[in-house]
Amino acid sequence: MSRVSFNCTMQEGQIGEETRVELAVALQQITQDVLGESPDDVPVTFSDIPSGFGFRGGEPSTTSLVRGSIVGGVTQDVREDFMRRICDCWMEISGCTVDELVVSARDV
Amino acid sequence: MPYYRCVVPKDSVPYDQRAAVAKAFTDIHCGNTGAPRSFVHVVFDEADDRWETPYFLDGGNRAGRSEEVKAELLSDLIGAFREITGVAPEAFSGRITEGPAKWTMEGGMVLPEPGEETEEWYSHGQAAAGG
(Lines give C-alpha, C1' and ligand atoms only; values in the text may rest on other atoms or scores of the structure.)
Protein backbone atom coordinates (compact mmCIF):
# COMPACT_ATOMS: atom_id res chain seq x y z
CA MET A 1 0.00 0.00 0.00
CA SER A 2 1.24 3.48 -0.84
CA ARG A 3 1.95 5.67 2.15
CA VAL A 4 1.54 8.90 0.21
CA SER A 5 -0.87 9.69 -2.61
CA PHE A 6 -2.10 12.78 -4.44
CA ASN A 7 -5.40 13.77 -5.99
CA CYS A 8 -5.14 16.92 -8.09
CA THR A 9 -8.25 18.77 -9.20
CA MET A 10 -8.00 21.48 -11.84
CA GLN A 11 -10.32 23.69 -13.81
CA GLU A 12 -10.96 22.33 -17.29
CA GLY A 13 -8.59 23.56 -19.97
CA GLN A 14 -6.06 25.10 -17.61
CA ILE A 15 -3.32 22.49 -17.46
CA GLY A 16 -2.38 20.33 -20.46
CA GLU A 17 -1.35 16.69 -20.52
CA GLU A 18 2.39 17.33 -20.85
CA THR A 19 2.33 19.68 -17.89
CA ARG A 20 0.44 17.10 -15.84
CA VAL A 21 3.19 14.58 -16.45
CA GLU A 22 5.75 17.13 -15.26
CA LEU A 23 3.67 17.93 -12.20
CA ALA A 24 3.25 14.28 -11.30
CA VAL A 25 7.01 13.68 -11.52
CA ALA A 26 7.64 16.77 -9.40
CA LEU A 27 5.18 15.66 -6.72
CA GLN A 28 6.79 12.24 -6.58
CA GLN A 29 10.27 13.78 -6.35
CA ILE A 30 9.24 16.10 -3.53
CA THR A 31 7.70 13.16 -1.69
CA GLN A 32 10.95 11.27 -1.99
CA ASP A 33 13.01 14.27 -0.88
CA VAL A 34 10.86 15.17 2.13
CA LEU A 35 9.32 11.88 3.20
CA GLY A 36 11.71 9.32 1.74
CA GLU A 37 9.10 7.52 -0.31
CA SER A 38 10.05 5.84 -3.59
CA PRO A 39 8.52 7.77 -6.52
CA ASP A 40 7.10 4.51 -7.85
CA ASP A 41 5.03 4.19 -4.68
CA VAL A 42 3.38 7.61 -4.96
CA PRO A 43 0.22 7.53 -7.07
CA VAL A 44 -0.89 10.86 -8.55
CA THR A 45 -4.32 11.27 -10.11
CA PHE A 46 -5.75 14.26 -11.96
CA SER A 47 -9.34 15.27 -12.50
CA ASP A 48 -10.95 18.28 -14.16
CA ILE A 49 -13.80 20.45 -13.01
CA PRO A 50 -15.79 21.27 -16.15
CA SER A 51 -15.93 24.88 -17.22
CA GLY A 52 -18.78 26.65 -15.45
CA PHE A 53 -18.85 24.16 -12.57
CA GLY A 54 -16.13 25.60 -10.34
CA PHE A 55 -16.33 28.89 -8.43
CA ARG A 56 -14.16 30.76 -5.97
CA GLY A 57 -15.35 33.79 -4.08
CA GLY A 58 -18.58 33.56 -6.05
CA GLU A 59 -16.79 33.94 -9.39
CA PRO A 60 -15.56 31.37 -11.95
CA SER A 61 -12.50 29.68 -10.50
CA THR A 62 -9.01 29.26 -11.94
CA THR A 63 -7.76 27.45 -8.85
CA SER A 64 -6.14 24.04 -8.69
CA LEU A 65 -6.35 21.85 -5.61
CA VAL A 66 -3.58 19.42 -4.74
CA ARG A 67 -4.68 17.01 -2.06
CA GLY A 68 -2.03 14.85 -0.50
CA SER A 69 -2.73 12.00 1.91
CA ILE A 70 -0.08 10.68 4.27
CA VAL A 71 -0.70 7.38 5.98
CA GLY A 72 0.57 7.57 9.54
CA GLY A 73 0.95 11.34 9.43
CA VAL A 74 3.91 13.67 9.84
CA THR A 75 4.95 16.48 12.16
CA GLN A 76 3.67 19.96 11.34
CA ASP A 77 7.17 21.21 10.49
CA VAL A 78 7.57 18.46 7.91
CA ARG A 79 4.06 19.05 6.59
CA GLU A 80 4.69 22.75 6.06
CA ASP A 81 7.97 22.09 4.29
CA PHE A 82 6.20 19.51 2.13
CA MET A 83 3.33 21.83 1.22
CA ARG A 84 5.67 24.79 0.60
CA ARG A 85 7.77 22.79 -1.84
CA ILE A 86 4.65 21.59 -3.63
CA CYS A 87 3.39 25.17 -3.94
CA ASP A 88 6.69 26.38 -5.33
CA CYS A 89 7.08 23.62 -7.90
CA TRP A 90 3.43 23.72 -8.98
CA MET A 91 3.61 27.47 -9.63
CA GLU A 92 6.89 27.10 -11.50
CA ILE A 93 5.68 24.28 -13.74
CA SER A 94 2.09 25.37 -14.33
CA GLY A 95 2.64 29.11 -14.37
CA CYS A 96 -0.20 29.71 -11.93
CA THR A 97 -0.04 32.34 -9.21
CA VAL A 98 0.07 31.63 -5.48
CA ASP A 99 -3.59 32.60 -5.31
CA GLU A 100 -4.57 29.94 -7.83
CA LEU A 101 -3.43 27.00 -5.76
CA VAL A 102 -4.60 25.17 -2.66
CA VAL A 103 -2.38 22.43 -1.26
CA SER A 104 -3.31 20.09 1.54
CA ALA A 105 -1.40 17.30 3.22
CA ARG A 106 -3.66 15.38 5.53
CA ASP A 107 -2.89 12.59 7.91
CA VAL A 108 -4.85 9.41 7.35
CA MET B 1 -11.15 26.02 2.38
CA PRO B 2 -14.07 26.05 2.76
CA TYR B 3 -14.85 23.67 -0.05
CA TYR B 4 -18.51 23.13 -0.87
CA ARG B 5 -19.18 20.33 -3.33
CA CYS B 6 -22.73 20.15 -4.61
CA VAL B 7 -23.51 16.72 -5.99
CA VAL B 8 -26.35 17.14 -8.47
CA PRO B 9 -28.04 14.99 -11.14
CA LYS B 10 -26.75 15.49 -14.66
CA ASP B 11 -28.07 18.61 -16.45
CA SER B 12 -30.27 19.48 -13.47
CA VAL B 13 -28.77 22.84 -12.49
CA PRO B 14 -28.11 25.35 -15.31
CA TYR B 15 -25.18 27.75 -15.26
CA ASP B 16 -27.10 30.79 -14.06
CA GLN B 17 -28.35 28.84 -11.03
CA ARG B 18 -24.89 27.41 -10.36
CA ALA B 19 -23.43 30.92 -10.38
CA ALA B 20 -26.21 32.19 -8.12
CA VAL B 21 -25.69 29.32 -5.66
CA ALA B 22 -21.94 29.93 -5.63
CA LYS B 23 -22.46 33.60 -4.84
CA ALA B 24 -25.06 32.82 -2.18
CA PHE B 25 -22.82 30.21 -0.53
CA THR B 26 -19.96 32.70 -0.48
CA ASP B 27 -22.18 35.38 1.08
CA ILE B 28 -23.50 32.93 3.67
CA HIS B 29 -20.15 31.47 4.61
CA CYS B 30 -18.48 34.85 4.95
CA GLY B 31 -21.46 36.25 6.83
CA ASN B 32 -21.41 33.39 9.31
CA THR B 33 -17.67 33.06 9.79
CA GLY B 34 -16.01 36.31 8.71
CA ALA B 35 -13.72 34.47 6.28
CA PRO B 36 -12.42 36.32 3.20
CA ARG B 37 -14.53 35.70 0.09
CA SER B 38 -11.59 34.46 -1.94
CA PHE B 39 -11.25 31.41 0.31
CA VAL B 40 -14.73 30.07 -0.48
CA HIS B 41 -14.75 27.32 -3.11
CA VAL B 42 -17.98 25.99 -4.59
CA VAL B 43 -17.99 23.10 -7.06
CA PHE B 44 -20.86 21.35 -8.80
CA ASP B 45 -20.36 17.69 -9.50
CA GLU B 46 -22.65 15.65 -11.72
CA ALA B 47 -21.16 12.50 -10.26
CA ASP B 48 -22.77 9.14 -9.75
CA ASP B 49 -22.07 9.25 -6.02
CA ARG B 50 -24.81 7.67 -3.95
CA TRP B 51 -26.02 9.89 -1.13
CA GLU B 52 -29.18 10.00 0.94
CA THR B 53 -30.82 12.41 -1.49
CA PRO B 54 -30.48 13.11 -5.26
CA TYR B 55 -28.94 16.51 -4.45
CA PHE B 56 -26.31 16.60 -1.74
CA LEU B 57 -24.02 19.23 -0.24
CA ASP B 58 -20.69 17.74 0.79
CA GLY B 59 -18.87 20.55 2.54
CA GLY B 60 -15.41 20.70 4.07
CA ASN B 61 -14.40 23.39 6.56
CA ARG B 62 -11.69 24.21 9.03
CA ALA B 63 -12.31 22.55 12.38
CA GLY B 64 -12.87 24.60 15.48
CA ARG B 65 -16.19 26.38 15.11
CA SER B 66 -19.05 25.96 17.55
CA GLU B 67 -21.83 23.47 16.89
CA GLU B 68 -24.25 26.39 16.74
CA VAL B 69 -22.31 28.13 13.98
CA LYS B 70 -21.92 24.91 12.03
CA ALA B 71 -25.62 24.05 12.25
CA GLU B 72 -26.67 27.54 11.21
CA LEU B 73 -24.22 27.52 8.33
CA LEU B 74 -25.46 24.20 6.96
CA SER B 75 -29.09 25.23 7.35
CA ASP B 76 -28.51 28.53 5.55
CA LEU B 77 -26.59 26.87 2.70
CA ILE B 78 -29.25 24.24 2.14
CA GLY B 79 -31.96 26.87 2.27
CA ALA B 80 -30.23 29.03 -0.32
CA PHE B 81 -29.67 26.11 -2.65
CA ARG B 82 -33.32 25.10 -2.47
CA GLU B 83 -34.52 28.66 -2.96
CA ILE B 84 -32.38 29.24 -6.05
CA THR B 85 -32.88 25.88 -7.73
CA GLY B 86 -36.41 25.06 -6.64
CA VAL B 87 -35.33 21.61 -5.51
CA ALA B 88 -37.83 20.01 -3.12
CA PRO B 89 -36.78 19.86 0.55
CA GLU B 90 -36.80 16.06 0.60
CA ALA B 91 -34.48 15.94 -2.43
CA PHE B 92 -31.57 17.87 -0.92
CA SER B 93 -29.52 17.29 2.18
CA GLY B 94 -25.96 17.81 3.23
CA ARG B 95 -23.16 17.63 5.71
CA ILE B 96 -20.10 19.62 6.65
CA THR B 97 -17.01 17.70 7.64
CA GLU B 98 -14.02 19.35 9.22
CA GLY B 99 -10.27 19.06 9.17
CA PRO B 100 -7.41 20.82 10.94
CA ALA B 101 -6.64 24.19 9.34
CA LYS B 102 -2.92 23.50 9.57
CA TRP B 103 -3.24 20.71 7.02
CA THR B 104 -3.94 23.19 4.23
CA MET B 105 -1.90 25.90 2.52
CA GLU B 106 -3.79 28.48 0.53
CA GLY B 107 -2.42 31.64 -1.02
CA GLY B 108 0.99 30.42 0.07
CA MET B 109 0.01 30.53 3.75
CA VAL B 110 -0.93 27.77 6.16
CA LEU B 111 -4.56 28.33 7.10
CA PRO B 112 -5.07 29.74 10.60
CA GLU B 113 -7.36 28.06 13.10
CA PRO B 114 -10.79 29.71 13.36
CA GLY B 115 -10.43 32.65 15.73
CA GLU B 116 -6.67 32.91 15.16
CA GLU B 117 -6.80 34.78 11.84
CA THR B 118 -4.30 37.62 11.51
CA GLU B 119 -4.55 40.94 9.72
CA GLU B 120 -1.99 39.65 7.24
CA TRP B 121 -4.22 36.71 6.40
CA TYR B 122 -7.30 38.89 5.92
CA SER B 123 -5.30 41.34 3.82
CA HIS B 124 -4.05 38.56 1.59
CA GLY B 125 -7.54 37.17 1.16
CA GLN B 126 -8.87 40.57 0.12
CA ALA B 127 -6.00 41.09 -2.30
CA ALA B 128 -6.61 37.67 -3.86
CA ALA B 129 -10.22 38.62 -4.42
CA GLY B 130 -9.15 41.85 -6.06
CA GLY B 131 -10.89 43.88 -3.41
# chains A, B, ... in the order shown; residues from 1 in each chain; ligands from 1
>>> closest_atom_pairs(of="chain A", to="chain B", cutoff="7 Å", atoms="only C-alpha atoms", output="CSV")
residue,atom,partner,partner_atom,distance
A:Gly52,CA,B:Tyr15,CA,6.5
A:Phe53,CA,B:Phe44,CA,5.1
A:Gly54,CA,B:Val43,CA,4.5
A:Phe55,CA,B:Val42,CA,5.1
A:Arg56,CA,B:His41,CA,4.5
A:Gly57,CA,B:Ser38,CA,4.4
A:Gly58,CA,B:Lys23,CA,4.1
A:Met83,CA,B:Met105,CA,6.8
A:Val98,CA,B:Gly107,CA,5.1
A:Asp99,CA,B:Gly107,CA,4.5
A:Leu101,CA,B:Glu106,CA,6.5
A:Val102,CA,B:Glu106,CA,4.7
A:Val103,CA,B:Met105,CA,5.2
A:Ser104,CA,B:Thr104,CA,4.2
A:Ala105,CA,B:Trp103,CA,5.4
A:Arg106,CA,B:Trp103,CA,5.5
>>> select_by_dssp(residues="chain A", states="strand (DSSP E)", output="VMD selection string")
chain A and resid 4 to 11 44 to 49 54 to 56 59 to 60 64 to 70 101 to 107
>>> select_by_dssp(residues="chain B", states="alpha helix (DSSP H)", output="NGL selection string")
:B and (15-33 or 67-85 or 119-128)
>>> residues_around(residues="Trp90 (chain A)", least_positions_apart="3", cutoff="9 Å", atoms="only C-alpha atoms", output="ChimeraX atom specification")
/A:23,26-27,85-87,93-96,101
>>> write_last_selection(atoms="N, CA, C and O atoms", output="short mmCIF file (atom, residue, chain, number, x, y, z; two decimals), in the first residue's frame")
data_model
loop_
_atom_site.label_atom_id
_atom_site.label_comp_id
_atom_site.auth_asym_id
_atom_site.auth_seq_id
_atom_site.Cartn_x
_atom_site.Cartn_y
_atom_site.Cartn_z
N LEU A 23 4.13 17.71 -13.58
CA LEU A 23 3.67 17.93 -12.20
C LEU A 23 3.70 16.65 -11.38
O LEU A 23 4.10 16.64 -10.22
N ALA A 26 7.18 15.85 -10.45
CA ALA A 26 7.64 16.77 -9.40
C ALA A 26 7.06 16.40 -8.04
O ALA A 26 7.78 16.42 -7.02
N LEU A 27 5.79 16.06 -8.00
CA LEU A 27 5.18 15.66 -6.72
C LEU A 27 5.84 14.41 -6.16
O LEU A 27 6.09 14.31 -4.94
N ARG A 85 7.05 23.25 -0.64
CA ARG A 85 7.77 22.79 -1.84
C ARG A 85 6.78 22.48 -2.97
O ARG A 85 7.07 22.74 -4.14
N ILE A 86 5.66 21.90 -2.61
CA ILE A 86 4.65 21.59 -3.63
C ILE A 86 4.12 22.89 -4.25
O ILE A 86 4.00 23.00 -5.48
N CYS A 87 3.85 23.87 -3.42
CA CYS A 87 3.39 25.17 -3.94
C CYS A 87 4.40 25.74 -4.92
O CYS A 87 4.05 26.16 -6.04
N ILE A 93 5.98 25.14 -12.59
CA ILE A 93 5.68 24.28 -13.74
C ILE A 93 4.41 24.72 -14.47
O ILE A 93 4.36 24.76 -15.70
N SER A 94 3.39 25.06 -13.70
CA SER A 94 2.09 25.37 -14.33
C SER A 94 1.96 26.83 -14.73
O SER A 94 1.15 27.18 -15.59
N GLY A 95 2.74 27.68 -14.09
CA GLY A 95 2.64 29.11 -14.37
C GLY A 95 1.52 29.80 -13.61
O GLY A 95 1.25 30.98 -13.85
N CYS A 96 0.89 29.09 -12.69
CA CYS A 96 -0.20 29.71 -11.93
C CYS A 96 0.38 30.62 -10.86
O CYS A 96 1.57 30.56 -10.54
N LEU A 101 -3.85 28.33 -6.20
CA LEU A 101 -3.43 27.00 -5.76
C LEU A 101 -3.77 26.77 -4.29
O LEU A 101 -3.50 27.61 -3.45
#
>>> decode(residues="region 59-90 of chain B", atoms="N, CA, C and O atoms", output="PDB file, in the first residue's frame")
ATOM      1  N   GLY B  59     -19.726  19.416   2.233  1.00  0.00           N
ATOM      2  CA  GLY B  59     -18.866  20.549   2.536  1.00  0.00           C
ATOM      3  C   GLY B  59     -17.683  20.173   3.404  1.00  0.00           C
ATOM      4  O   GLY B  59     -17.756  19.250   4.207  1.00  0.00           O
ATOM      5  N   GLY B  60     -16.590  20.902   3.238  1.00  0.00           N
ATOM      6  CA  GLY B  60     -15.405  20.703   4.067  1.00  0.00           C
ATOM      7  C   GLY B  60     -14.916  22.036   4.603  1.00  0.00           C
ATOM      8  O   GLY B  60     -14.689  22.966   3.830  1.00  0.00           O
ATOM      9  N   ASN B  61     -14.793  22.137   5.919  1.00  0.00           N
ATOM     10  CA  ASN B  61     -14.396  23.392   6.562  1.00  0.00           C
ATOM     11  C   ASN B  61     -13.243  23.175   7.521  1.00  0.00           C
ATOM     12  O   ASN B  61     -12.935  22.041   7.909  1.00  0.00           O
ATOM     13  N   ARG B  62     -12.669  24.285   7.954  1.00  0.00           N
ATOM     14  CA  ARG B  62     -11.691  24.210   9.034  1.00  0.00           C
ATOM     15  C   ARG B  62     -12.399  23.791  10.328  1.00  0.00           C
ATOM     16  O   ARG B  62     -13.510  24.259  10.612  1.00  0.00           O
ATOM     17  N   ALA B  63     -11.753  22.958  11.089  1.00  0.00           N
ATOM     18  CA  ALA B  63     -12.312  22.547  12.378  1.00  0.00           C
ATOM     19  C   ALA B  63     -12.150  23.668  13.399  1.00  0.00           C
ATOM     20  O   ALA B  63     -11.253  24.508  13.276  1.00  0.00           O
ATOM     21  N   GLY B  64     -13.057  23.668  14.370  1.00  0.00           N
ATOM     22  CA  GLY B  64     -12.869  24.598  15.481  1.00  0.00           C
ATOM     23  C   GLY B  64     -14.018  25.552  15.738  1.00  0.00           C
ATOM     24  O   GLY B  64     -13.944  26.360  16.667  1.00  0.00           O
ATOM     25  N   ARG B  65     -15.058  25.486  14.891  1.00  0.00           N
ATOM     26  CA  ARG B  65     -16.190  26.378  15.111  1.00  0.00           C
ATOM     27  C   ARG B  65     -17.214  25.696  16.017  1.00  0.00           C
ATOM     28  O   ARG B  65     -17.270  24.474  16.118  1.00  0.00           O
ATOM     29  N   SER B  66     -18.062  26.504  16.619  1.00  0.00           N
ATOM     30  CA  SER B  66     -19.052  25.960  17.546  1.00  0.00           C
ATOM     31  C   SER B  66     -20.105  25.163  16.778  1.00  0.00           C
ATOM     32  O   SER B  66     -20.334  25.388  15.581  1.00  0.00           O
ATOM     33  N   GLU B  67     -20.761  24.263  17.493  1.00  0.00           N
ATOM     34  CA  GLU B  67     -21.831  23.473  16.887  1.00  0.00           C
ATOM     35  C   GLU B  67     -22.947  24.377  16.384  1.00  0.00           C
ATOM     36  O   GLU B  67     -23.563  24.113  15.357  1.00  0.00           O
ATOM     37  N   GLU B  68     -23.194  25.446  17.117  1.00  0.00           N
ATOM     38  CA  GLU B  68     -24.254  26.386  16.741  1.00  0.00           C
ATOM     39  C   GLU B  68     -23.930  27.039  15.395  1.00  0.00           C
ATOM     40  O   GLU B  68     -24.797  27.124  14.512  1.00  0.00           O
ATOM     41  N   VAL B  69     -22.717  27.493  15.242  1.00  0.00           N
ATOM     42  CA  VAL B  69     -22.310  28.132  13.980  1.00  0.00           C
ATOM     43  C   VAL B  69     -22.378  27.130  12.837  1.00  0.00           C
ATOM     44  O   VAL B  69     -22.876  27.447  11.739  1.00  0.00           O
ATOM     45  N   LYS B  70     -21.929  25.929  13.094  1.00  0.00           N
ATOM     46  CA  LYS B  70     -21.921  24.908  12.027  1.00  0.00           C
ATOM     47  C   LYS B  70     -23.342  24.554  11.603  1.00  0.00           C
ATOM     48  O   LYS B  70     -23.635  24.422  10.409  1.00  0.00           O
ATOM     49  N   ALA B  71     -24.228  24.401  12.578  1.00  0.00           N
ATOM     50  CA  ALA B  71     -25.617  24.046  12.251  1.00  0.00           C
ATOM     51  C   ALA B  71     -26.301  25.163  11.480  1.00  0.00           C
ATOM     52  O   ALA B  71     -27.031  24.921  10.505  1.00  0.00           O
ATOM     53  N   GLU B  72     -26.063  26.397  11.889  1.00  0.00           N
ATOM     54  CA  GLU B  72     -26.671  27.540  11.212  1.00  0.00           C
ATOM     55  C   GLU B  72     -26.140  27.667   9.794  1.00  0.00           C
ATOM     56  O   GLU B  72     -26.886  27.932   8.850  1.00  0.00           O
ATOM     57  N   LEU B  73     -24.855  27.439   9.651  1.00  0.00           N
ATOM     58  CA  LEU B  73     -24.224  27.516   8.330  1.00  0.00           C
ATOM     59  C   LEU B  73     -24.839  26.494   7.380  1.00  0.00           C
ATOM     60  O   LEU B  73     -25.241  26.821   6.257  1.00  0.00           O
ATOM     61  N   LEU B  74     -24.921  25.251   7.824  1.00  0.00           N
ATOM     62  CA  LEU B  74     -25.465  24.195   6.964  1.00  0.00           C
ATOM     63  C   LEU B  74     -26.925  24.483   6.615  1.00  0.00           C
ATOM     64  O   LEU B  74     -27.340  24.331   5.455  1.00  0.00           O
ATOM     65  N   SER B  75     -27.685  24.920   7.586  1.00  0.00           N
ATOM     66  CA  SER B  75     -29.094  25.230   7.347  1.00  0.00           C
ATOM     67  C   SER B  75     -29.245  26.355   6.325  1.00  0.00           C
ATOM     68  O   SER B  75     -30.074  26.284   5.404  1.00  0.00           O
ATOM     69  N   ASP B  76     -28.435  27.393   6.473  1.00  0.00           N
ATOM     70  CA  ASP B  76     -28.507  28.531   5.548  1.00  0.00           C
ATOM     71  C   ASP B  76     -28.096  28.123   4.133  1.00  0.00           C
ATOM     72  O   ASP B  76     -28.706  28.563   3.146  1.00  0.00           O
ATOM     73  N   LEU B  77     -27.071  27.305   4.023  1.00  0.00           N
ATOM     74  CA  LEU B  77     -26.592  26.870   2.704  1.00  0.00           C
ATOM     75  C   LEU B  77     -27.656  26.025   2.000  1.00  0.00           C
ATOM     76  O   LEU B  77     -27.953  26.225   0.807  1.00  0.00           O
ATOM     77  N   ILE B  78     -28.215  25.098   2.723  1.00  0.00           N
ATOM     78  CA  ILE B  78     -29.245  24.238   2.138  1.00  0.00           C
ATOM     79  C   ILE B  78     -30.459  25.063   1.734  1.00  0.00           C
ATOM     80  O   ILE B  78     -31.031  24.881   0.654  1.00  0.00           O
ATOM     81  N   GLY B  79     -30.832  26.015   2.590  1.00  0.00           N
ATOM     82  CA  GLY B  79     -31.964  26.871   2.272  1.00  0.00           C
ATOM     83  C   GLY B  79     -31.734  27.682   1.010  1.00  0.00           C
ATOM     84  O   GLY B  79     -32.629  27.811   0.158  1.00  0.00           O
ATOM     85  N   ALA B  80     -30.544  28.226   0.862  1.00  0.00           N
ATOM     86  CA  ALA B  80     -30.230  29.029  -0.320  1.00  0.00           C
ATOM     87  C   ALA B  80     -30.249  28.170  -1.584  1.00  0.00           C
ATOM     88  O   ALA B  80     -30.774  28.592  -2.626  1.00  0.00           O
ATOM     89  N   PHE B  81     -29.686  26.995  -1.479  1.00  0.00           N
ATOM     90  CA  PHE B  81     -29.667  26.105  -2.652  1.00  0.00           C
ATOM     91  C   PHE B  81     -31.098  25.790  -3.100  1.00  0.00           C
ATOM     92  O   PHE B  81     -31.428  25.859  -4.288  1.00  0.00           O
ATOM     93  N   ARG B  82     -31.933  25.447  -2.146  1.00  0.00           N
ATOM     94  CA  ARG B  82     -33.319  25.101  -2.474  1.00  0.00           C
ATOM     95  C   ARG B  82     -34.056  26.296  -3.070  1.00  0.00           C
ATOM     96  O   ARG B  82     -34.828  26.158  -4.023  1.00  0.00           O
ATOM     97  N   GLU B  83     -33.816  27.470  -2.494  1.00  0.00           N
ATOM     98  CA  GLU B  83     -34.523  28.664  -2.962  1.00  0.00           C
ATOM     99  C   GLU B  83     -34.132  28.996  -4.396  1.00  0.00           C
ATOM    100  O   GLU B  83     -34.987  29.351  -5.217  1.00  0.00           O
ATOM    101  N   ILE B  84     -32.863  28.866  -4.712  1.00  0.00           N
ATOM    102  CA  ILE B  84     -32.380  29.243  -6.050  1.00  0.00           C
ATOM    103  C   ILE B  84     -32.760  28.199  -7.098  1.00  0.00           C
ATOM    104  O   ILE B  84     -33.153  28.536  -8.216  1.00  0.00           O
ATOM    105  N   THR B  85     -32.667  26.939  -6.740  1.00  0.00           N
ATOM    106  CA  THR B  85     -32.877  25.878  -7.732  1.00  0.00           C
ATOM    107  C   THR B  85     -34.313  25.359  -7.765  1.00  0.00           C
ATOM    108  O   THR B  85     -34.719  24.726  -8.745  1.00  0.00           O
ATOM    109  N   GLY B  86     -35.062  25.588  -6.701  1.00  0.00           N
ATOM    110  CA  GLY B  86     -36.414  25.056  -6.640  1.00  0.00           C
ATOM    111  C   GLY B  86     -36.476  23.581  -6.311  1.00  0.00           C
ATOM    112  O   GLY B  86     -37.543  22.953  -6.436  1.00  0.00           O
ATOM    113  N   VAL B  87     -35.365  23.029  -5.871  1.00  0.00           N
ATOM    114  CA  VAL B  87     -35.334  21.606  -5.506  1.00  0.00           C
ATOM    115  C   VAL B  87     -36.182  21.378  -4.249  1.00  0.00           C
ATOM    116  O   VAL B  87     -36.127  22.166  -3.296  1.00  0.00           O
ATOM    117  N   ALA B  88     -36.953  20.316  -4.260  1.00  0.00           N
ATOM    118  CA  ALA B  88     -37.832  20.006  -3.123  1.00  0.00           C
ATOM    119  C   ALA B  88     -37.003  19.701  -1.868  1.00  0.00           C
ATOM    120  O   ALA B  88     -35.908  19.141  -1.970  1.00  0.00           O
ATOM    121  N   PRO B  89     -37.521  20.073  -0.704  1.00  0.00           N
ATOM    122  CA  PRO B  89     -36.775  19.856   0.549  1.00  0.00           C
ATOM    123  C   PRO B  89     -36.309  18.412   0.739  1.00  0.00           C
ATOM    124  O   PRO B  89     -35.197  18.175   1.206  1.00  0.00           O
ATOM    125  N   GLU B  90     -37.173  17.460   0.369  1.00  0.00           N
ATOM    126  CA  GLU B  90     -36.805  16.059   0.596  1.00  0.00           C
ATOM    127  C   GLU B  90     -35.753  15.550  -0.391  1.00  0.00           C
ATOM    128  O   GLU B  90     -35.225  14.452  -0.230  1.00  0.00           O
TER     129      GLU B  90
END
